[in-house]
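Note sheet for the following structure.
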Number of protein chains: 2
Amino acid sequence: MSEMFVPPRAVVAPPARIGAPLDSVVTPSLVIDLDAFERNIAAMTRAVAGTGVALRPHAKMHKCVHIARLQMAAGAVGVCCQKVSEAEILVKGGITDVLVSNEIVGAEKLKRLALLARNATIGVCIDESAGVDELATASAQADVRMNCLVEIDVGGERCGVIDTDEAVRIADAIAGHGSLRFAGIQAYNGASQHIADPTARRETSLRVADTVRRTVEALSRAGLPCETVTGAGTGTFQAALDSGVFTEVQPGSYLFMDRSYGEIGRDAGETFDHALFVLTTVMSTASPDRAVVDAGHKATSIDSGMPGVWDRPTITYERPSDEHGVLVGERLPRRGERILLVPGHCDPTVNLHDWLVGVRGLHSDVAAVEAVWAVDARGALF
Amino acid sequence: MSEMFVPPRAVVAPPARIGAPLDSVVTPSLVIDLDAFERNIAAMTRAVAGTGVALRPHAKMHKCVHIARLQMAAGAVGVCCQKVSEAEILVKGGITDVLVSNEIVGAEKLKRLALLARNATIGVCIDESAGVDELATASAQADVRMNCLVEIDVGGERCGVIDTDEAVRIADAIAGHGSLRFAGIQAYNGASQHIADPTARRETSLRVADTVRRTVEALSRAGLPCETVTGAGTGTFQAALDSGVFTEVQPGSYLFMDRSYGEIGRDAGETFDHALFVLTTVMSTASPDRAVVDAGHKATSIDSGMPGVWDRPTITYERPSDEHGVLVGERLPRRGERILLVPGHCDPTVNLHDWLVGVRGLHSDVAAVEAVWAVDARGALF
């Protein structure tokens with residue numbers, strides 16, 4: 001069964017035509033409430049305005065070049081992503097400042113990353129001395145100077161340096177290479193984003209800020225000033241703005257929101273609306289105690305719990321399988337009826353789809369498709 | 001932000017070159033052990049040989065035209081899928097007999113499905129009388145005659161007719177339309193596939209077979225003979241072969257296997273090997289108590305539990321986030337080391353990737369890429 005060539009990759013056609021009514025959108029598909037989406041962009045611009053802290057939204061969430069451009073137009077200094085292949089797609093799409101807020105290991109990937117730095121400002125994280133030389137080699141061979149940020153563990157217990165002295169040693173090693181530029185610190189605690197109580201969440205953020213401050217001071221004493229201190233997400237960006245130590249925040253989910261973020265208590269003044277939905281159709285009411293819809297966990301991620309059912313408080317979604325979900329409760333919808341689900345977690349849900357369908361007036365009688373955007377970096381895993 | 005056109009969809013380049021060593025495959029990516037894969041194809045061909053029961057493997061699992069062709073060459077009468085867009089890709093790829101083992105609702109999708117029947121034998125399921133007329137209209141307008149199977153609920157509590165009289169009424173309505181052909185029964189119980197104890201699993205299958213037999217007999221008494229009785233999966237196909245009532249089986253996962261199927265007790269004589277792996281790289285060992293890998297739940301599905309770690313009994317994978325997983329245990333791998341994960345559930349894991357990398361001699365020192373296949377129907381959700 002040897003193959004002598006790589007076959008072309010089929011591309012699934014979009015589920016909607018621009019100008020068509022919402023009723024014509026093929027299901028299951030991802031629908032963006034453009035009114036809520038635009039409010040969310042504007043709300044984040046207002047939140048950072050006058051703080052002196054830069055906004056670098058996380059493009060790992062939407063994976064869409066067009067949306068990254070809209071964020072830049074609304075004042076972002078650049079975007080973040082997690083993978084070299086995402087950065088390649090963003091730079092190709094005209095984004096001129098991309099931080100890979102993640103460690104990149106191996107000569108092949110680092111070569112690709114360094115080549116991007118010929119046409120854009122590229123940053124990358126590092127959390128082990130062992131990685132500095134291969135970063136420097138890749139940068140030197142591409143004849144570029146990459147920005148390197150030392151990632152510190154601020155409670156996420158994933159990547160990141162734990163010991164402050166080790167952070168200083170890594171920064172010093174970076175600064176010793178002519179092809180690298182020590183740019184500062186990456187500090188993100190994923191676990192603290194979803195703490196429901198705003199006060200408890202803010203206390204976690206204060207502890208994060210303390211760790212960051214101690215590291216910044218230690219680096220400064222070693223003659224290694226941090227130009228950039230970047231981190232925080234949708235749950236903690238306000239605390240980071242207030243901390244006096246972060247120079248940059250990296251929220252992503254605020255743009256679309258999801259059931260998980262919708263359920264946490266917000267900081268004062270924050271108003272982000274649900275803009276992301278999975279549009280699904282009831283495909284079976286053969287049993288009177290359930291309505292089966294055409295969106296299962298290939299259409300809506302369940303890593304952060306089940307999707308919510310929009311504007312149907314008597315109904316819940318349960319028992320997802322690959323291509324089916326089961327609605328139960330009172331006043332179940334009819335066969336053929338269309339339902340909006342609120343995904344449990346936006347990032348991995350968007351990653352399941354090839355297209356985002358932008359709808360104007362989503363919750364009105366004249367809901368119509370205004371935009372169809374590609375999820376350009378969907379499947380950009382490496 | 002109105003868009004006047006639909007932008008092209010980027011396609012992520014394959015993570016491997018044919019002929020290259022395994023060490024050069026970019027991670028995270030899906031790797032197929034071609035030796036195990038070929039043994040699994042042959043084992044299923046042997047299992048059905050001489051039984052008089054047809055094999056119709058489920059292509060929803062692999063979503064790959066090339067693999068569907070290999071299954072046809074190994075004796076399959078056709079394949080199953082769940083979505084019209086999957087059927088479109090399979091028929092375009094030369095598969096001439098496709099059963100959509102699922103209900104399809106709405107004029108737009110039924111029109112697309114009926115058009116496929118001009119070039120292939122197309123079957124579709126139905127579980128409500130309300131759906132018969134729109135099926136007949138779509139078939140008539142396309143000038144085709146679609147095969148219709150009445151889906152019955154055999155314990156899955158998802159789609160499917162519950163009442164035998166209702167099944168007869170639907171079949172009768174199908175038979176009354178000149179553009180439709182009543183072809184028989186679809187009977188699949190997803191929940192019973194993963195019952196660990198083979199004896200308990202077989203008892204469930206016997207109950208399924210009893211329900212099916214009663215329905216077949218009722219239809220026969222009504223002058224509606226079932227040419228096709230189709231269903232069963234990797235956990236229950238042997239019981240279906242032995243039942244005397246199924247004419248066709250629909251296993252899918254046997255081809256790749258996954259951690260979930262690997263953990264159930266097999267029926268006598270069955271030998272399916274793990275052929276599907278997520279190849280991942282250790283990207284951080286900054287903390288001595290963990291090794292962070294570059295495959296999170298955007299690379300390996302967690303709906304059926306965590307992935308296993310191949311050939312590393314002292315290590316477990318835990319706490320997946322979007323782009324990271326955490327390995328813990330004794331004798332943790334080094335930074336840059338490559339690990340094979342065994343996905344918890346093959347279907348949704350394959351759906352996360354654009355490419356399958358076929359490797360010969362995967363577990364040997366001379367492991368090399370022999371094939372790169374597109375996951376053609378990845379994201380074919382509608």
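By order in the structure tokens, chains are A, B, ...; within a chain, residues start at 1; ligands start at 1, following the order shown.
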
Using only C-alpha atoms, I'd like every residue of chain A that has an atom within 7 Å of chain B; please write them out as a PyMOL selection string.
chain A and resi 2-3+6-7+9-10+12+26-28+103-106+127-128+158-162+283-284+286-287+292+298+322+336+348+352-354+370-374+376+379-382

Write out as a PyMOL selection string all residues of region 182-315 of chain B that DSSP puts in helix (DSSP H, G or I) for this structure's backbone.
chain B and resi 190-194+198-221+237-243+253-255+259-262

Based on the backbone DSSP call, show me all residues of region 105-177 of chain A assigned strand (DSSP E or B), as a ChimeraX atom specification.
/A:121-126,146-152,161

Write a file of the just-selected residues containing N, CA and C atoms, as a PDB file, in the first residue's frame.
```
ATOM      1  N   THR A 121       7.753  40.511  13.967  1.00  0.00           N
ATOM      2  CA  THR A 121       8.338  40.436  15.302  1.00  0.00           C
ATOM      3  C   THR A 121       7.851  39.141  15.935  1.00  0.00           C
ATOM      4  N   ILE A 122       8.780  38.258  16.261  1.00  0.00           N
ATOM      5  CA  ILE A 122       8.413  36.937  16.782  1.00  0.00           C
ATOM      6  C   ILE A 122       8.988  36.769  18.179  1.00  0.00           C
ATOM      7  N   GLY A 123       8.125  36.383  19.106  1.00  0.00           N
ATOM      8  CA  GLY A 123       8.557  36.033  20.448  1.00  0.00           C
ATOM      9  C   GLY A 123       8.279  34.574  20.728  1.00  0.00           C
ATOM     10  N   VAL A 124       9.059  33.991  21.651  1.00  0.00           N
ATOM     11  CA  VAL A 124       8.866  32.592  22.022  1.00  0.00           C
ATOM     12  C   VAL A 124       9.269  32.424  23.482  1.00  0.00           C
ATOM     13  N   CYS A 125       8.687  31.434  24.125  1.00  0.00           N
ATOM     14  CA  CYS A 125       8.957  31.200  25.548  1.00  0.00           C
ATOM     15  C   CYS A 125       9.969  30.085  25.736  1.00  0.00           C
ATOM     16  N   ILE A 126      10.604  30.118  26.887  1.00  0.00           N
ATOM     17  CA  ILE A 126      11.581  29.089  27.217  1.00  0.00           C
ATOM     18  C   ILE A 126      11.571  28.907  28.727  1.00  0.00           C
ATOM     19  N   MET A 146      15.414  36.632  17.654  1.00  0.00           N
ATOM     20  CA  MET A 146      14.090  36.361  18.217  1.00  0.00           C
ATOM     21  C   MET A 146      13.997  36.904  19.639  1.00  0.00           C
ATOM     22  N   ASN A 147      12.794  37.380  19.979  1.00  0.00           N
ATOM     23  CA  ASN A 147      12.518  37.780  21.358  1.00  0.00           C
ATOM     24  C   ASN A 147      12.263  36.545  22.198  1.00  0.00           C
ATOM     25  N   CYS A 148      12.968  36.401  23.304  1.00  0.00           N
ATOM     26  CA  CYS A 148      12.793  35.237  24.170  1.00  0.00           C
ATOM     27  C   CYS A 148      12.262  35.682  25.528  1.00  0.00           C
ATOM     28  N   LEU A 149      11.188  35.026  25.949  1.00  0.00           N
ATOM     29  CA  LEU A 149      10.626  35.300  27.268  1.00  0.00           C
ATOM     30  C   LEU A 149      10.792  34.069  28.137  1.00  0.00           C
ATOM     31  N   VAL A 150      11.247  34.270  29.351  1.00  0.00           N
ATOM     32  CA  VAL A 150      11.354  33.153  30.285  1.00  0.00           C
ATOM     33  C   VAL A 150       9.968  32.915  30.880  1.00  0.00           C
ATOM     34  N   GLU A 151       9.455  31.696  30.674  1.00  0.00           N
ATOM     35  CA  GLU A 151       8.157  31.387  31.278  1.00  0.00           C
ATOM     36  C   GLU A 151       8.362  30.932  32.713  1.00  0.00           C
ATOM     37  N   ILE A 152       7.608  31.538  33.635  1.00  0.00           N
ATOM     38  CA  ILE A 152       7.690  31.091  35.030  1.00  0.00           C
ATOM     39  C   ILE A 152       6.363  30.446  35.419  1.00  0.00           C
ATOM     40  N   VAL A 161       9.408  27.893  34.697  1.00  0.00           N
ATOM     41  CA  VAL A 161      10.460  27.768  35.698  1.00  0.00           C
ATOM     42  C   VAL A 161       9.855  27.945  37.084  1.00  0.00           C
TER      43      VAL A 161
END
```

Selection: 8 Å around Val53 (chain B), only C-alpha atoms, excl. self and same-chain fewer than 3 positions, as JSON, numbers by chain:
{"B": [48, 50, 241, 246, 247, 248, 249]}

Include C-alpha atoms and write out the residues we just selected as an mmCIF file, in the first residue's frame.
```cif
data_model
loop_
_atom_site.group_PDB
_atom_site.id
_atom_site.type_symbol
_atom_site.label_atom_id
_atom_site.label_comp_id
_atom_site.auth_asym_id
_atom_site.auth_seq_id
_atom_site.Cartn_x
_atom_site.Cartn_y
_atom_site.Cartn_z
ATOM 1 C CA VAL B 48 -16.944 -12.541 8.320
ATOM 2 C CA GLY B 50 -18.212 -17.930 5.281
ATOM 3 C CA LEU B 241 -22.522 -12.664 13.018
ATOM 4 C CA PHE B 246 -28.219 -9.619 10.976
ATOM 5 C CA THR B 247 -27.350 -9.623 7.261
ATOM 6 C CA GLU B 248 -24.663 -6.962 7.644
ATOM 7 C CA VAL B 249 -22.256 -5.666 10.326
#
```
